[in-house]
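For reference, the structure discussed in these notes is given below.
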Amino acid sequence: MTARLWSIAVAFGVSVLGSVCFAAACAVHAGPQLEGLSLFVALGALGLGIILWARFAVPQEQAVDVRDDYPSSGDDRRGAGAALQHGADELDRHGFLTKFLLAAFGTLGVAALFPLRSLGPRFGKGLYHTKWTRGARLVRADGTPVLAADLAVGSILTVFPAGYVDDASSQTLLLRLPPGVLHVSPQRRSWSPQGYVAFSKVCTHAGCPVGLYRASMYQLLCPCHQSVFDVAHAAQPISGPAARALPQLPLQIADDGHLQAQSDYTEPIGPGFWQRS
Amino acid sequence: MNYTVLLLLLLAMALYVWLMSRYDARRAQRLDRWHVAAFGATVAVLYLALEPPLEPLADGSFLAHMTQHMLLVYVAAPLFLLSAPMMLLLGSLDLTKARQLGRFLRGPLWRFLTFPVFTWLFFMAVMWGAHFSALYELALTHPVVHIVEHALFLAAAILFWQAIIHIGPVSWPMNFPLRVVYVFLATPQGAFLGLALYQTRKVLYSHYVMTHDGSAAAALADQHAGGALMWIGGGLLLFVVFMIVVAMWGRHERRLGEQLDARLDARLRSGAVLGIVFALAAFGISTRAADTTLGQGQNLYQIHCSSCHGSSLQGSANAPSLRNVSIDAVQFYLTTGRMPAIAPSEQNQHRTPILSPAQIDALVTFVMSRSHGSTVLPVVDNVGNLARGRALFTANCSACHGATAQGGSVGYGWIAPSLDRATVTQVAQAIRIGPGVMPRFDEHTLSDSDVNDIVRYVNVLQTNVPNAGGLPLGGLGAVAEGLVAWVLGMGVLIVVVRLIGTNA
Amino acid sequence: MIRRLALALDDRLGTAHFMRKALRKAFPDHWSFMLGEIALYCFVVLLATGVYLGFFFDASSQPLTYNGSYLSLHGIQMSAAYASVLRLSLDTRAGLLLRQIHHWAALVFLAAITVHMCRIFFTGAFRRPRELNWIIGLVLLILALGAGFTGYSLPDDLLSGTGLRIAYSVLISVPFVGTDLAFLFFGGAFPATETIGRLFFAHVLILPALIAAAMTLHLGIIWRQKHTQFRGPGRTENNVVGSPLWPNYAMKSAGLLFAVAAIVTALGAFFQINPIWLYGPYDPANVSAPAQPDWYIGWLEGALRLGPSWDWQIFNHTVPAPFFAGVLLPFVFFSLLFVWPFLERRITHDGEPHQLLDHPSDTPWRTGVGAAVLTFAIVLTFAGSDGVQAKIVGISVEMLASLYRIMLPVLPAVVGLLSFELARELRARRDALPGTDARIVISRADSGGFVGQPEEHRERRP
């Protein structure tokens, strides 16, 4: 046998070895690297052997076909047309029946879509409210409430309403700013006691949690599409594709020092949608 | 004698003095005599450019006019920027106006105006536009247009230079390679402009024919001289700037290299020191041999720190005051090698410290003896709850530092660093102090046991990260995976089909 | 023995008549014709590994407390789906290997489709009579994108869950019907418990069935119409020159199947992909960096990042920013692709069937347009990973995004023009030289004897 044929045989032999090793590796739970290496050898050597065979051990023939399959001959076309027409003529004799047939098909098609309605609930008021209510206490992700003395200036905490920890739409960022930095509009003067300010964590662009905080610049950055929100100015977007500020949660401090919400957010949180005015 | 210009210069100086008198170094940063000197030099150059003997000559001679322009654009503008005018304004205006100014500087208009691509293009556009259009002639015949033209030159030049002179608030900080490219690209096009003026056979500005007593040849020679000045003079000036930027870059890199050498030498000394041992040792040393350590610390402080932090820890233009710094912060910055800083830049990176641990202890002792900040060190052991640590890490840290603490970009050129080199104590300290733009988490936000859990998880990520699937590709996720799929997957397969198929 | 089998089949089905010609069918074997096969064989690998994975995956959002072998997640609440993938990856023999092979094969599948599509476009293989196959191919691309997206969202980990959230937000941005559609598909407000089950169903039944059907149609049409071929000696509009199906082409193709399987196996063995245990289970209040989708969704991610911050208010209703980048842009993009054969026919006034392929330099204008559109998609894809680039290079990500915004209109125009000029130059050079294309036409002279003349200049399109 020539060297070429030997190399093909060797390739197949290596593939056999690889397969055996793969079986063994799986049996002893050897891990993806060893399992994968043996499988790679098995498949690769097999493929190499076949390709070598195709290139070097089989006569390189050439085939030539003629393209005469299409379009069909004139006779065929006419014959097909005649056959089609024959049936159509027969049906057309009672032409009004076709209209009834179409009506039946059409209505069935539309009616068949109706069960799809069960796939999900109606939109309704789903996106307008969160679980925040008047007097709802701010709690951490582990359920412990947040006291007014808790957060240092320059710090950040993710909070939820008590009893609704991990509720996706209620996730809120609690920040504390030094005095004089926070700019408050007249309507929101009572919303941020003692430098505390709370914003919805759901980005108003595409809904990712706005997790990055550049503390010394008082800016929140959303990692998904890099929208930047200016915390000192009611979380207005200053860069990136977000167009609306993060909704602000009105805060108050209860007599016992717990931080509470005055009410739910005053606008729908998160990304915009058609019905949002 | 142009009295208008003289009056304006005097007014500018008066304004400067007034602003300097109101300057509040606590609000912004220190302005020292070099800044004042730069301003003085600016005024001097402006006077030179716009007053006799150059001014009357410039009316008749293109060469003199060109000299005026060069002085404005290549000398006065950078000098003005070196006097830190924005810092002066921010520090001396009353609070409301200063905040308005700050807001404007963060606003879209200023960011657009200072965007390096825009400033570069704008500068070139002004240069070329002014010389190769009817504007030039118009400026020669209408004084108002001339003043507007000079103002435009100055404005374009100031915007151009501020992209690479990083003093005061910088909208688009560029690293050294970018600055080099920026200047490098500016050099040839300025040369081309000058060359175009030098080589043309046409007299471009008929005004100068008149001022040369009707001799077109003399006007042409004048024009050629001006062009040559712009070509060679401008090229030389930009080349000097280029060399300065390269030298600054080189110094930066050299210092990095020294750190690397120190690290290679210190490899024997360094190791995974458990936080509590280090903490106790530091505390022990600082209480035991207080006097000699204090003296040594003071020495070290004078050598390495006082140039930026001030000899009495009061801070300066480049560094904050240390009078209320906590021991966490001092230890963190020193043990991660971020301080002593190589150059006053905003972001310092984790390096092998050039000070030995003993020196660091001495320095810490000294600084804490003068500081009113907290002297409580974090108690960190390495037996926190792993699962809890992972959950806390994911909730508080991974958004910036990445799921495997590989680091990430947080915008405006800031990087949340990879945590691969940080010890458990350093991680705990960073959490407590919030270095750079990182927020700080105090005991009420993350308790000591929370911090312990987090550092346990970070330690696992550093030492035993479960990369069961193979090469982790830098922890860069889908981006690296896509690159590998295209290069190693599709690339290899294309090679395979090229071998299988024909090429006819 | 094969003979006996063949005889048995022919007795019952009369297959010999078909096999007689089929086994000798000519397949042109230029290497670039095999790119589609790479995609096909990636799909085969995906099916094989996918069947295995399907046995282990639990498509349920039911929360449970994890107590498996991965200590960092002990005691943590997670969905059953995530826990099942954890178990498969860390505790099952060959589980992680096959899961990684599956994911790498998906990435290479879409890369192969893209390269194959470019080959079809730049050689003009979509022209009559192959417009239908072009459309089916685009449908395959869209189905493959859907299969990939649903696939990597199945494990319900932090990274893919973030991507699902974005998809949900893009869907609710559609005017009029967006919110209802989103509630219908996802099963309620995000995150809904039905979502994982539905993604599973789509990913393992609906999409593979549609892809298999479309592929069968795609290949069947190629079989019927016969493959195109490049110009060359002995090749005309009326014939096909190539290797016979049996044994030559079948063997090469089988070899390619194993080569593709081997490459993606090697990737799955040595390169970690989607390590979900490091990302953690999906928690809507958490996010990790870097936040990127798989590469083939990167162009949509880039569009969303570069998109302008428009929230249009129209009469008490909102059309938010994700609509323009996430719905309108892909719609326009794919519409352009779908109508391209007909558009080109309009422009060139060439409705003739073509069986011979163009060299990209034969139609410079098409090459230029294609290069521009491709550059546009590539710039968007790169823009999708600007955060990672900003971290590596050290530039501010805001500046990088602005640079990409500038590049987005500029670079395609520049590349398109350059490609156009380059193609024209190449064509001019080819025309100037005699080359193998020039042929001598021999005709009988009136005076007797034969006369040879160079073939007349073929008509060139601009």
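Every chain in the structure tokens has a letter given in the order shown (A, B, ...), and although residue numbers restart at 1 in each chain, ligands are simply numbered from 1 in the order shown.
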
### Task
Give the alpha helix (DSSP H) residues of stretch 15-251 of chain C, as DSSP finds them on the backbone, and put them as a PyMOL selection string.
chain C and resi 16-22+35-54+80-91+95-122+131-153+158-172+178-186+195-201+207-225+250-251

### Message
Please check the contacts: residues of chain B at most 6 Å away from chain C, using only C-alpha atoms, listed as a ChimeraX atom specification.
### Response
/B:386-387,395,398-399,402-403,408-409,411-413,469-472,478,482,485,497-498,501-503

Selection to disk with N, CA and C atoms, as a compact mmCIF listing (two decimals), in the first residue's frame:
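The resulting file, result.txt, is reproduced below:
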```txt
# COMPACT_ATOMS: atom_id res chain seq x y z
N LEU B 386 -19.80 31.25 52.10
CA LEU B 386 -19.51 31.39 50.68
C LEU B 386 -20.75 31.74 49.87
N ALA B 387 -21.85 31.04 50.13
CA ALA B 387 -23.05 31.27 49.33
C ALA B 387 -23.59 32.67 49.58
N ALA B 395 -25.19 41.15 44.25
CA ALA B 395 -26.11 42.26 44.46
C ALA B 395 -25.40 43.60 44.50
N SER B 398 -21.02 43.01 41.39
CA SER B 398 -20.75 42.47 40.05
C SER B 398 -21.21 43.40 38.94
N ALA B 399 -22.10 44.36 39.25
CA ALA B 399 -22.54 45.27 38.19
C ALA B 399 -21.36 46.07 37.65
N GLY B 402 -17.90 43.03 37.55
CA GLY B 402 -18.06 41.86 36.70
C GLY B 402 -18.36 40.61 37.50
N ALA B 403 -18.98 39.63 36.84
CA ALA B 403 -19.43 38.43 37.53
C ALA B 403 -18.28 37.64 38.13
N GLY B 408 -14.46 46.07 34.86
CA GLY B 408 -15.31 46.55 33.77
C GLY B 408 -15.25 48.05 33.68
N SER B 409 -15.80 48.55 32.58
CA SER B 409 -15.82 50.00 32.38
C SER B 409 -17.04 50.57 33.09
N GLY B 411 -17.71 54.00 32.60
CA GLY B 411 -18.01 55.24 31.90
C GLY B 411 -17.07 56.37 32.27
N TYR B 412 -17.02 57.37 31.44
CA TYR B 412 -16.18 58.57 31.62
C TYR B 412 -14.72 58.19 31.79
N GLY B 413 -14.31 57.06 31.19
CA GLY B 413 -12.91 56.67 31.28
C GLY B 413 -12.57 55.97 32.58
N GLY B 469 -15.29 24.62 32.47
CA GLY B 469 -15.50 24.45 31.03
C GLY B 469 -14.27 24.65 30.18
N GLY B 470 -13.16 25.09 30.78
CA GLY B 470 -11.98 25.31 29.96
C GLY B 470 -11.45 26.71 30.13
N LEU B 471 -10.84 27.26 29.10
CA LEU B 471 -10.26 28.60 29.18
C LEU B 471 -11.36 29.63 29.40
N PRO B 472 -11.17 30.50 30.40
CA PRO B 472 -12.26 31.43 30.72
C PRO B 472 -12.36 32.64 29.80
N ALA B 478 -19.81 36.93 26.34
CA ALA B 478 -20.23 36.66 24.97
C ALA B 478 -19.34 37.34 23.94
N GLY B 482 -17.82 35.23 21.02
CA GLY B 482 -18.11 35.51 19.60
C GLY B 482 -16.82 35.59 18.80
N ALA B 485 -15.51 32.12 18.31
CA ALA B 485 -16.33 31.38 17.36
C ALA B 485 -15.99 31.76 15.93
N VAL B 497 -12.53 23.94 4.34
CA VAL B 497 -13.25 23.79 3.06
C VAL B 497 -12.37 24.20 1.89
N ARG B 498 -11.44 25.11 2.13
CA ARG B 498 -10.52 25.45 1.05
C ARG B 498 -9.64 24.26 0.69
N GLY B 501 -12.35 21.66 -1.03
CA GLY B 501 -12.92 22.05 -2.32
C GLY B 501 -11.85 22.49 -3.30
N THR B 502 -12.29 22.87 -4.47
CA THR B 502 -11.37 23.37 -5.48
C THR B 502 -11.41 24.88 -5.48
N ASN B 503 -10.51 25.44 -6.26
CA ASN B 503 -10.45 26.88 -6.32
C ASN B 503 -10.75 27.39 -7.72
```

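Minimum distance to chain A across C:Tyr404, C:Phe185, C:Trp299, C:Phe56 (counting only C-alpha atoms) occurs at C:Phe185.
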
Once you count only C-alpha atoms, what closest atom pair and distance in Å to one decimal does each residue of chain B within 7 Å of chain A have, with rows by chain and rising residue number, as a Markdown table?
```
| residue | atom | partner | partner_atom | distance |
| --- | --- | --- | --- | --- |
| B:Ala399 | CA | A:Gly211 | CA | 5.4 |
| B:Cys400 | CA | A:Leu212 | CA | 5.7 |
| B:Val437 | CA | A:Arg214 | CA | 4.7 |
| B:Met438 | CA | A:Ala215 | CA | 5.6 |
| B:Pro439 | CA | A:Ala215 | CA | 4.6 |
| B:Arg440 | CA | A:Ser155 | CA | 5.1 |
| B:Phe441 | CA | A:Ser155 | CA | 5.6 |
| B:Asp442 | CA | A:Ala152 | CA | 6.5 |
| B:His444 | CA | A:Asp150 | CA | 4.9 |
| B:Thr445 | CA | A:Leu151 | CA | 6.1 |
| B:Gly469 | CA | A:Pro32 | CA | 6.5 |
| B:Gly470 | CA | A:Gln33 | CA | 6.8 |
```

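In terms of minimum interatomic distance to chain A, C:Ala303 ranks closest within C:Leu426, C:Ala303, C:Ala432, C:Ala59, counting only C-alpha atoms.
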
### Message
Based on only C-alpha atoms, which of the residues in chain A come within 6 Å of chain C? I want them as a PyMOL selection string.
### Response
chain A and resi 26+29+32-33+36+40+43-44+47+50-51+54+62-67+119-121+123+168+206+209+224-225+241-243+272-277

Would you write out those residues with N, CA and C atoms, as a short mmCIF file (atom, residue, chain, number, x, y, z; two decimals), in the first residue's frame?
```
data_model
loop_
_atom_site.label_atom_id
_atom_site.label_comp_id
_atom_site.auth_asym_id
_atom_site.auth_seq_id
_atom_site.Cartn_x
_atom_site.Cartn_y
_atom_site.Cartn_z
N CYS A 26 -15.72 9.27 29.64
CA CYS A 26 -17.07 9.45 30.16
C CYS A 26 -17.30 8.53 31.35
N HIS A 29 -15.80 9.88 34.42
CA HIS A 29 -16.14 11.27 34.78
C HIS A 29 -14.91 12.17 34.68
N PRO A 32 -14.76 17.79 31.11
CA PRO A 32 -14.97 18.15 29.70
C PRO A 32 -13.69 18.22 28.88
N GLN A 33 -12.56 18.56 29.49
CA GLN A 33 -11.36 18.71 28.67
C GLN A 33 -10.92 17.36 28.10
N GLY A 36 -13.67 15.89 25.86
CA GLY A 36 -13.73 16.63 24.60
C GLY A 36 -12.54 16.36 23.72
N PHE A 40 -12.84 14.90 20.10
CA PHE A 40 -12.29 15.67 18.99
C PHE A 40 -11.39 14.78 18.13
N LEU A 43 -13.64 12.26 16.16
CA LEU A 43 -14.36 12.85 15.03
C LEU A 43 -13.39 13.39 13.99
N GLY A 44 -12.37 14.08 14.47
CA GLY A 44 -11.46 14.72 13.54
C GLY A 44 -10.69 13.72 12.69
N GLY A 47 -13.03 12.27 10.12
CA GLY A 47 -13.26 13.20 9.02
C GLY A 47 -12.03 13.32 8.13
N ILE A 50 -11.76 10.28 5.87
CA ILE A 50 -12.72 10.29 4.76
C ILE A 50 -12.28 11.30 3.71
N ILE A 51 -11.82 12.45 4.15
CA ILE A 51 -11.43 13.49 3.19
C ILE A 51 -10.21 13.03 2.40
N ALA A 54 -11.32 10.66 -0.10
CA ALA A 54 -12.03 11.30 -1.22
C ALA A 54 -11.06 12.01 -2.14
N GLN A 62 -15.12 13.72 -13.09
CA GLN A 62 -15.92 14.91 -13.30
C GLN A 62 -17.24 14.48 -13.91
N ALA A 63 -18.29 15.08 -13.47
CA ALA A 63 -19.60 14.78 -14.05
C ALA A 63 -20.13 16.05 -14.68
N VAL A 64 -20.83 15.86 -15.77
CA VAL A 64 -21.43 17.02 -16.43
C VAL A 64 -22.90 16.72 -16.64
N ASP A 65 -23.74 17.58 -16.10
CA ASP A 65 -25.18 17.45 -16.33
C ASP A 65 -25.63 18.53 -17.29
N VAL A 66 -26.73 18.27 -17.92
CA VAL A 66 -27.31 19.30 -18.78
C VAL A 66 -28.49 19.90 -18.05
N ARG A 67 -28.62 21.20 -18.13
CA ARG A 67 -29.75 21.85 -17.45
C ARG A 67 -30.94 21.87 -18.38
N LEU A 119 -53.13 32.51 26.11
CA LEU A 119 -51.69 32.46 26.37
C LEU A 119 -51.30 33.38 27.53
N GLY A 120 -52.00 34.49 27.66
CA GLY A 120 -51.59 35.40 28.71
C GLY A 120 -52.71 36.32 29.12
N PRO A 121 -52.53 37.01 30.23
CA PRO A 121 -53.57 37.93 30.70
C PRO A 121 -53.63 39.16 29.81
N PHE A 123 -53.57 43.12 29.06
CA PHE A 123 -52.59 44.08 29.54
C PHE A 123 -53.09 44.81 30.77
N ALA A 168 -40.08 42.37 41.15
CA ALA A 168 -39.25 42.94 40.08
C ALA A 168 -39.56 44.40 39.82
N ALA A 206 -34.64 50.15 28.59
CA ALA A 206 -35.05 48.78 28.26
C ALA A 206 -35.19 47.90 29.47
N PRO A 209 -31.71 46.48 35.45
CA PRO A 209 -31.47 47.18 36.73
C PRO A 209 -30.26 48.10 36.59
N CYS A 224 -26.49 47.95 30.55
CA CYS A 224 -26.93 47.34 29.30
C CYS A 224 -26.63 48.21 28.10
N HIS A 225 -27.05 49.46 28.13
CA HIS A 225 -26.82 50.34 26.98
C HIS A 225 -26.19 51.66 27.38
N PRO A 241 -29.04 56.16 25.60
CA PRO A 241 -30.33 56.15 24.91
C PRO A 241 -31.55 56.35 25.80
N ALA A 242 -31.43 56.41 27.09
CA ALA A 242 -32.62 56.62 27.92
C ALA A 242 -33.14 58.03 27.71
N ALA A 243 -34.46 58.17 27.64
CA ALA A 243 -35.04 59.48 27.37
C ALA A 243 -35.73 60.08 28.58
N GLY A 272 -40.81 52.73 28.35
CA GLY A 272 -42.08 53.27 27.87
C GLY A 272 -42.86 52.23 27.09
N PHE A 273 -44.14 52.46 26.97
CA PHE A 273 -45.02 51.61 26.18
C PHE A 273 -46.13 52.47 25.61
N TRP A 274 -46.88 51.93 24.66
CA TRP A 274 -47.81 52.73 23.88
C TRP A 274 -48.81 53.47 24.74
N GLN A 275 -49.38 52.78 25.72
CA GLN A 275 -50.47 53.39 26.47
C GLN A 275 -49.99 54.40 27.51
N ARG A 276 -48.68 54.51 27.66
CA ARG A 276 -48.15 55.42 28.65
C ARG A 276 -48.26 56.84 28.14
N SER A 277 -48.94 57.70 28.87
CA SER A 277 -49.11 59.06 28.35
C SER A 277 -48.06 59.98 28.90
#
```

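Separating atom CA of C:Arg87 from atom CA of B:Thr404 is a distance of 20.3 Å.
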
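Across the model, the gap from atom CA of B:Ile342 to atom CA of B:Trp34 is 20.7 Å.
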